[in-house]
>>> print(open('start_24.cif').read())   # mmCIF, C-alpha atoms and all ligand atoms
data_structure
#
loop_
_atom_site.label_atom_id
_atom_site.label_comp_id
_atom_site.auth_asym_id
_atom_site.auth_seq_id
_atom_site.Cartn_x
_atom_site.Cartn_y
_atom_site.Cartn_z
CA MET A 1 81.10 113.03 93.51
CA ARG A 2 84.46 113.08 91.75
CA VAL A 3 87.44 111.63 93.53
CA ILE A 4 90.88 113.06 92.78
CA SER A 5 93.85 111.26 94.33
CA ILE A 6 97.09 113.17 94.66
CA VAL A 7 99.78 110.51 94.43
CA ASN A 8 103.52 110.16 94.00
CA GLN A 9 105.48 107.47 95.80
CA LYS A 10 108.26 110.00 96.34
CA GLY A 11 108.04 112.43 99.26
CA GLY A 12 108.53 116.18 99.14
CA VAL A 13 107.08 116.66 95.66
CA GLY A 14 104.17 118.90 96.72
CA LYS A 15 101.35 116.36 97.22
CA THR A 16 100.09 117.83 100.47
CA ALA A 17 100.45 121.43 99.25
CA THR A 18 98.51 120.49 96.13
CA ALA A 19 95.79 118.63 98.04
CA VAL A 20 95.19 121.53 100.45
CA ASN A 21 95.41 124.38 97.95
CA LEU A 22 93.41 122.64 95.23
CA ALA A 23 90.75 121.77 97.81
CA TYR A 24 90.55 125.42 98.81
CA SER A 25 90.50 126.62 95.20
CA LEU A 26 87.50 124.41 94.46
CA SER A 27 85.66 125.12 97.70
CA SER A 28 86.05 128.88 97.20
CA ARG A 29 84.15 128.40 93.93
CA ASN A 30 81.25 127.11 95.99
CA TYR A 31 81.84 123.44 95.34
CA LYS A 32 81.44 121.09 98.24
CA VAL A 33 84.87 119.59 98.88
CA CYS A 34 85.96 116.78 101.18
CA LEU A 35 89.70 116.45 101.75
CA ILE A 36 90.94 113.10 103.00
CA ASP A 37 94.32 112.85 104.70
CA PHE A 38 95.51 109.36 103.79
CA ASP A 39 99.04 109.62 105.14
CA PRO A 40 99.91 108.47 108.70
CA GLN A 41 102.37 111.40 108.83
CA ALA A 42 99.23 113.56 108.80
CA ASN A 43 100.81 116.60 107.14
CA CYS A 44 97.51 117.62 105.63
CA THR A 45 95.86 117.50 109.06
CA LYS A 46 98.74 119.51 110.52
CA HIS A 47 98.41 122.05 107.70
CA PHE A 48 94.94 122.77 109.06
CA GLY A 49 96.38 123.23 112.54
CA PHE A 50 95.23 119.94 114.05
CA ARG A 51 97.49 117.59 115.94
CA SER A 52 96.52 114.27 117.39
CA VAL A 53 97.45 115.02 120.98
CA SER A 54 94.19 113.72 122.33
CA ARG A 55 93.04 110.99 120.02
CA MET A 56 90.44 112.43 117.68
CA PRO A 57 88.44 110.32 115.24
CA THR A 58 90.32 109.97 111.94
CA ILE A 59 90.19 108.31 108.54
CA TYR A 60 91.23 105.14 110.36
CA ASP A 61 87.89 105.03 112.24
CA PHE A 62 86.09 105.79 108.99
CA LEU A 63 87.81 102.88 107.22
CA MET A 64 86.89 100.51 110.03
CA PHE A 65 83.19 101.00 109.23
CA PRO A 66 81.05 99.08 109.88
CA GLU A 67 83.03 97.06 112.42
CA LYS A 68 83.27 99.90 114.94
CA LYS A 69 79.69 100.94 115.33
CA GLY A 70 78.85 104.49 116.25
CA SER A 71 82.13 106.19 115.54
CA SER A 72 82.49 106.05 111.85
CA SER A 73 79.98 108.03 109.89
CA LEU A 74 81.45 110.93 107.93
CA LYS A 75 80.07 113.59 110.24
CA ASP A 76 81.64 111.94 113.30
CA VAL A 77 85.06 112.04 111.73
CA ALA A 78 84.96 115.22 109.64
CA ILE A 79 86.25 118.63 110.70
CA SER A 80 85.09 121.72 108.86
CA LYS A 81 87.60 124.50 108.22
CA TYR A 82 87.94 127.19 105.54
CA GLY A 83 84.82 125.80 103.87
CA ILE A 84 86.49 122.40 103.40
CA THR A 85 85.45 119.17 105.08
CA LEU A 86 88.66 117.54 106.32
CA ILE A 87 88.92 113.89 107.29
CA PRO A 88 92.07 113.91 109.41
CA ALA A 89 94.70 111.22 109.83
CA ASP A 90 97.14 110.18 112.49
CA GLU A 91 99.72 107.44 112.87
CA SER A 92 97.02 104.81 113.54
CA LEU A 93 96.41 104.73 109.78
CA ALA A 94 99.68 102.82 109.44
CA SER A 95 98.06 99.80 111.11
CA ALA A 96 95.07 99.72 108.74
CA ARG A 97 96.87 97.23 106.54
CA SER A 98 96.88 94.36 108.99
CA GLU A 99 93.24 94.91 109.91
CA HIS A 100 92.13 94.90 106.31
CA ALA A 101 93.97 91.85 105.06
CA ALA A 102 95.86 94.09 102.68
CA SER A 103 92.87 94.80 100.46
CA LYS A 104 93.71 97.48 97.94
CA LYS A 105 90.09 98.51 97.55
CA VAL A 106 89.26 99.43 101.16
CA LEU A 107 89.30 103.18 100.60
CA ARG A 108 87.54 102.91 97.23
CA ASN A 109 84.74 100.81 98.70
CA THR A 110 84.45 102.97 101.81
CA LEU A 111 84.01 106.11 99.69
CA LYS A 112 81.57 104.40 97.34
CA ASN A 113 79.44 103.10 100.21
CA CYS A 114 79.32 106.39 102.11
CA GLU A 115 76.01 108.03 101.27
CA GLU A 116 76.97 111.30 102.95
CA LEU A 117 79.68 111.78 100.31
CA ASN A 118 77.09 111.92 97.53
CA GLU A 119 76.43 115.54 98.46
CA TYR A 120 80.04 116.43 97.70
CA ASP A 121 81.27 117.69 94.34
CA TYR A 122 84.89 116.71 94.92
CA VAL A 123 86.74 114.33 97.21
CA ILE A 124 90.49 114.96 97.25
CA VAL A 125 92.82 112.31 98.68
CA ASP A 126 96.30 113.23 99.92
CA SER A 127 98.54 110.15 100.02
CA ALA A 128 101.63 108.73 101.70
CA PRO A 129 105.10 108.99 100.16
CA GLN A 130 105.97 105.33 99.76
CA PRO A 131 104.76 102.37 97.71
CA GLY A 132 102.50 99.82 99.41
CA PHE A 133 99.07 99.32 100.92
CA LEU A 134 98.19 102.97 101.58
CA THR A 135 99.39 104.33 98.24
CA ASP A 136 97.71 101.51 96.33
CA ASN A 137 94.44 102.31 98.11
CA ALA A 138 94.84 106.02 97.35
CA LEU A 139 95.67 105.36 93.68
CA ILE A 140 92.42 103.54 93.00
CA ALA A 141 90.23 105.43 95.49
CA GLY A 142 88.46 107.03 92.57
CA ASP A 143 88.73 107.66 88.86
CA ASN A 144 91.25 110.50 88.68
CA VAL A 145 94.87 110.66 89.73
CA LEU A 146 96.98 113.78 89.78
CA ILE A 147 100.74 113.23 90.02
CA PRO A 148 102.82 116.15 91.26
CA MET A 149 106.51 115.85 90.35
CA GLN A 150 109.41 118.15 90.97
CA CYS A 151 110.95 119.79 87.91
CA LYS A 152 114.27 118.20 88.78
CA TYR A 153 116.64 115.77 87.20
CA LEU A 154 115.96 112.24 88.53
CA SER A 155 112.51 113.06 89.87
CA VAL A 156 111.09 110.76 87.20
CA GLU A 157 111.82 107.80 89.49
CA GLY A 158 108.82 108.30 91.76
CA LEU A 159 106.68 109.01 88.73
CA ALA A 160 107.64 105.83 86.87
CA SER A 161 107.02 103.58 89.88
CA THR A 162 103.69 105.29 90.63
CA MET A 163 102.54 104.72 87.04
CA GLU A 164 103.74 101.10 87.16
CA SER A 165 101.71 100.53 90.35
CA LEU A 166 98.56 101.94 88.76
CA LYS A 167 99.02 99.79 85.67
CA SER A 168 99.44 96.62 87.70
CA LEU A 169 96.46 97.44 89.98
CA LYS A 170 94.25 97.89 86.90
CA GLU A 171 95.47 94.61 85.44
CA ASN A 172 94.94 92.63 88.63
CA LEU A 173 91.71 94.05 90.01
CA SER A 174 88.37 94.22 88.30
CA GLY A 175 86.28 97.33 87.73
CA ILE A 176 89.02 99.94 88.07
CA ASN A 177 88.75 102.77 85.54
CA THR A 178 91.21 105.08 87.24
CA GLU A 179 93.08 107.37 84.85
CA ILE A 180 95.90 109.84 85.32
CA MET A 181 94.28 113.23 84.81
CA GLY A 182 97.56 115.07 84.77
CA ILE A 183 101.23 115.31 85.66
CA LEU A 184 101.75 118.45 87.72
CA PRO A 185 105.29 119.87 87.56
CA THR A 186 106.11 121.51 90.92
CA PHE A 187 108.89 123.64 92.43
CA TYR A 188 109.40 125.26 89.02
CA ASP A 189 111.75 128.20 88.65
CA SER A 190 112.09 129.50 85.09
CA ARG A 191 115.52 130.99 85.91
CA ARG A 192 117.00 127.52 86.44
CA ASN A 193 118.17 125.67 83.32
CA ASP A 194 117.72 122.33 85.03
CA ASP A 195 114.05 123.11 85.67
CA ASN A 196 113.46 124.15 82.05
CA ASP A 197 115.23 121.03 80.75
CA SER A 198 113.20 118.82 83.09
CA LEU A 199 109.94 120.54 82.15
CA ASP A 200 110.73 120.05 78.44
CA LYS A 201 111.39 116.35 79.07
CA ILE A 202 108.15 115.95 81.02
CA LYS A 203 106.23 117.66 78.20
CA ARG A 204 107.88 115.56 75.50
CA PHE A 205 107.09 112.40 77.38
CA PHE A 206 103.60 113.19 78.66
CA TYR A 207 102.53 115.70 76.02
CA LYS A 208 98.99 116.87 76.78
CA MET A 209 98.97 115.23 80.19
CA THR A 210 101.48 117.81 81.42
CA LEU A 211 99.76 120.58 83.36
CA ASP A 212 101.01 124.13 83.83
CA PRO A 213 103.69 124.07 86.54
CA ILE A 214 103.38 125.26 90.12
CA ARG A 215 106.19 127.71 90.72
CA GLU A 216 108.57 127.38 93.66
CA ASN A 217 107.45 129.99 96.14
CA THR A 218 108.25 130.33 99.84
CA ALA A 219 104.65 131.49 100.38
CA VAL A 220 103.63 127.80 100.07
CA SER A 221 105.52 126.71 103.18
CA LEU A 222 104.78 129.96 105.04
CA ALA A 223 101.05 129.41 104.46
CA SER A 224 101.44 125.88 105.79
CA LYS A 225 103.16 127.18 108.94
CA ARG A 226 100.29 129.60 109.46
CA HIS A 227 97.83 126.73 108.89
CA VAL A 228 96.03 128.41 106.00
CA PRO A 229 95.66 127.70 102.27
CA ILE A 230 98.06 129.79 100.18
CA GLN A 231 95.19 131.76 98.65
CA MET A 232 94.33 133.04 102.14
CA TYR A 233 97.95 133.72 103.06
CA GLU A 234 98.98 135.63 99.95
CA SER A 235 96.44 135.59 97.17
CA ASP A 236 98.65 137.35 94.65
CA SER A 237 101.69 135.11 95.19
CA TYR A 238 102.92 133.09 92.19
CA ALA A 239 101.94 129.79 93.71
CA ALA A 240 98.46 131.02 94.72
CA LYS A 241 97.88 131.99 91.08
CA ASP A 242 99.23 128.65 89.90
CA TYR A 243 96.93 126.74 92.25
CA GLU A 244 93.97 128.80 91.04
CA ARG A 245 94.90 127.81 87.48
CA LEU A 246 94.94 124.18 88.60
CA GLY A 247 91.46 124.77 90.04
CA ASP A 248 90.36 126.08 86.60
CA PHE A 249 91.75 122.97 84.94
CA VAL A 250 90.01 120.58 87.32
CA GLU A 251 86.73 122.49 87.12
CA ASN A 252 86.76 122.41 83.30
CA ARG A 253 87.94 118.84 83.04
CA LEU A 254 85.55 117.28 85.51
CA SER A 255 82.45 119.46 85.22
N1 LIG B 1 105.61 125.27 95.09
C1 LIG B 1 106.30 125.22 96.24
N2 LIG B 1 107.25 126.16 96.51
C2 LIG B 1 107.94 126.13 97.68
N3 LIG B 1 107.77 125.20 98.65
C3 LIG B 1 106.86 124.24 98.42
C4 LIG B 1 106.07 124.19 97.22
N4 LIG B 1 105.24 123.11 97.30
C5 LIG B 1 105.49 122.53 98.48
N5 LIG B 1 106.45 123.20 99.17
C6 LIG B 1 107.02 122.87 100.50
O1 LIG B 1 107.88 121.75 100.33
C7 LIG B 1 107.70 120.79 101.38
C8 LIG B 1 107.21 119.46 100.80
O2 LIG B 1 105.93 119.66 100.20
P1 LIG B 1 104.71 118.69 100.49
O3 LIG B 1 103.51 119.27 99.84
O4 LIG B 1 104.63 118.42 101.95
O5 LIG B 1 105.22 117.38 99.71
P2 LIG B 1 104.71 115.85 99.82
O6 LIG B 1 103.32 115.89 100.38
O7 LIG B 1 104.78 115.34 98.42
O8 LIG B 1 105.69 115.14 100.71
C9 LIG B 1 106.72 121.43 102.35
O9 LIG B 1 107.45 122.10 103.34
C10 LIG B 1 105.96 122.43 101.50
O10 LIG B 1 105.48 123.54 102.27
MG MG B 2 102.52 114.90 102.07
#
>>> encode(input="start_24.cif", output="structure tokens")
Amino acid sequence: MRVISIVNQKGGVGKTATAVNLAYSLSSRNYKVCLIDFDPQANCTKHFGFRSVSRMPTIYDFLMFPEKKGSSSLKDVAISKYGITLIPADESLASARSEHAASKKVLRNTLKNCEELNEYDYVIVDSAPQPGFLTDNALIAGDNVLIPMQCKYLSVEGLASTMESLKSLKENLSGINTEIMGILPTFYDSRRNDDNDSLDKIKRFFYKMTLDPIRENTAVSLASKRHVPIQMYESDSYAAKDYERLGDFVENRLS
């Protein structure tokens, strides 16, 4: 089981799109993939067409294990769709902090102690867009972090604070080997000078850690509205190809 957390403390950078489309890219290669929505806004869950109208079991119930007996094994919480096992979220996740005495390792320990997850090749964690308890938990949920960032002037802010948080978590907690597996430039349009300048800066700064960019493509949001991964919505769209290339990278890097 390899855990990949998709983190950036800034919102709107393509975390959820990356989590969903990378999960699908890997699962369509016959890997067993579990996608965890770790954002109380539940955009990942909504992408799959689920809304918490009637309260369904979510990641919150899973985290509460073993206190809430009977409702918290993976299969009680998981929903299967498009070959992916989704652990949904809803706004109740926002209250997990108080119940867990702010431990930053709750998600990490929950994943580690869940035997059912051993059958999975990849666990992908989509995270919330602000610093704090939830993002800290997502950052050190496993060993690999992928940071999407917009190819835009000033978008470095979210990146710098996310990297700072990871550094301080590793310094203050024992046994954390989490590494950044890549910086993923998103919303890239080669016709815009600003995007090319920003991409050059990212490459100069992060060198080999910089992954091939995900192009800006309306098919990404249209796929989300239709509740499907982009590869199912329009497999020959730019962004579908870019997400397949990201799948290649992850497969090669973590095989
Ligand atoms: N490559 C892209 N091209 C065009 N729109 C995108 C792209 N990636 C994401 N989006 C859209 O931009 C919005 C924000 O993306 P999202 O993945 O939700 O960001 P985050 O999870 O970081 O807040 C969503 O409406 C999404 O559909
Ligand atoms: Mg999101």
>>> closest_atom_pairs(input="start_24.cif", of="chain A", to="ligand MG 2 (chain B)", cutoff="9 Å", atoms="all atoms listed in the file", output="Markdown table")
| residue | atom | partner | partner_atom | distance |
| --- | --- | --- | --- | --- |
| A:Gly11 | CA | B:MG2 | MG | 6.7 |
| A:Gly12 | CA | B:MG2 | MG | 6.8 |
| A:Val13 | CA | B:MG2 | MG | 8.1 |
| A:Gly14 | CA | B:MG2 | MG | 6.9 |
| A:Lys15 | CA | B:MG2 | MG | 5.2 |
| A:Thr16 | CA | B:MG2 | MG | 4.1 |
| A:Ala17 | CA | B:MG2 | MG | 7.4 |
| A:Ala19 | CA | B:MG2 | MG | 8.7 |
| A:Asp37 | CA | B:MG2 | MG | 8.9 |
| A:Asp39 | CA | B:MG2 | MG | 7.0 |
| A:Gln41 | CA | B:MG2 | MG | 7.6 |
| A:Ala42 | CA | B:MG2 | MG | 7.6 |
| A:Asn43 | CA | B:MG2 | MG | 5.6 |
| A:Cys44 | CA | B:MG2 | MG | 6.7 |
| A:Asp126 | CA | B:MG2 | MG | 6.8 |
| A:Ser127 | CA | B:MG2 | MG | 6.5 |
| A:Ala128 | CA | B:MG2 | MG | 6.2 |
| A:Pro129 | CA | B:MG2 | MG | 6.7 |
>>> residues_around(input="start_24.cif", residues="Tyr60 (chain A)", least_positions_apart="2", cutoff="9 Å", atoms="only C-alpha atoms", output="NGL selection string")
:A and (38 or 57-58 or 62-64 or 72 or 88-90 or 92-96)
>>> residues_around(input="start_24.cif", residues="Asn217 (chain A)", least_positions_apart="3", cutoff="7 Å", atoms="all atoms listed in the file", output="list in words")
Val220, Tyr238 and Ala239 of chain A
>>> closest_residue(input="start_24.cif", among="A:Leu159, A:Ile36, A:Leu86, A:Ile176", to="Phe48 (chain A)", atoms="all atoms listed in the file")
A:Leu86
>>> closest_residue(input="start_24.cif", among="A:Val20, A:Val156, A:Val123, A:Cys114", to="Gly142 (chain A)", atoms="only C-alpha atoms")
A:Val123
>>> residues_around(input="start_24.cif", residues="region 245-253 of chain A", least_positions_apart="3", cutoff="8 Å", atoms="all atoms listed in the file", output="list in words")
Leu22, Ser25, Leu26, Leu211, Asp212, Lys241 and Asp242 of chain A
>>> residues_around(input="start_24.cif", residues="Ala240 (chain A)", least_positions_apart="4", cutoff="9 Å", atoms="all atoms listed in the file", output="ChimeraX atom specification")
/A:21,214,219-220,229-236,244-245
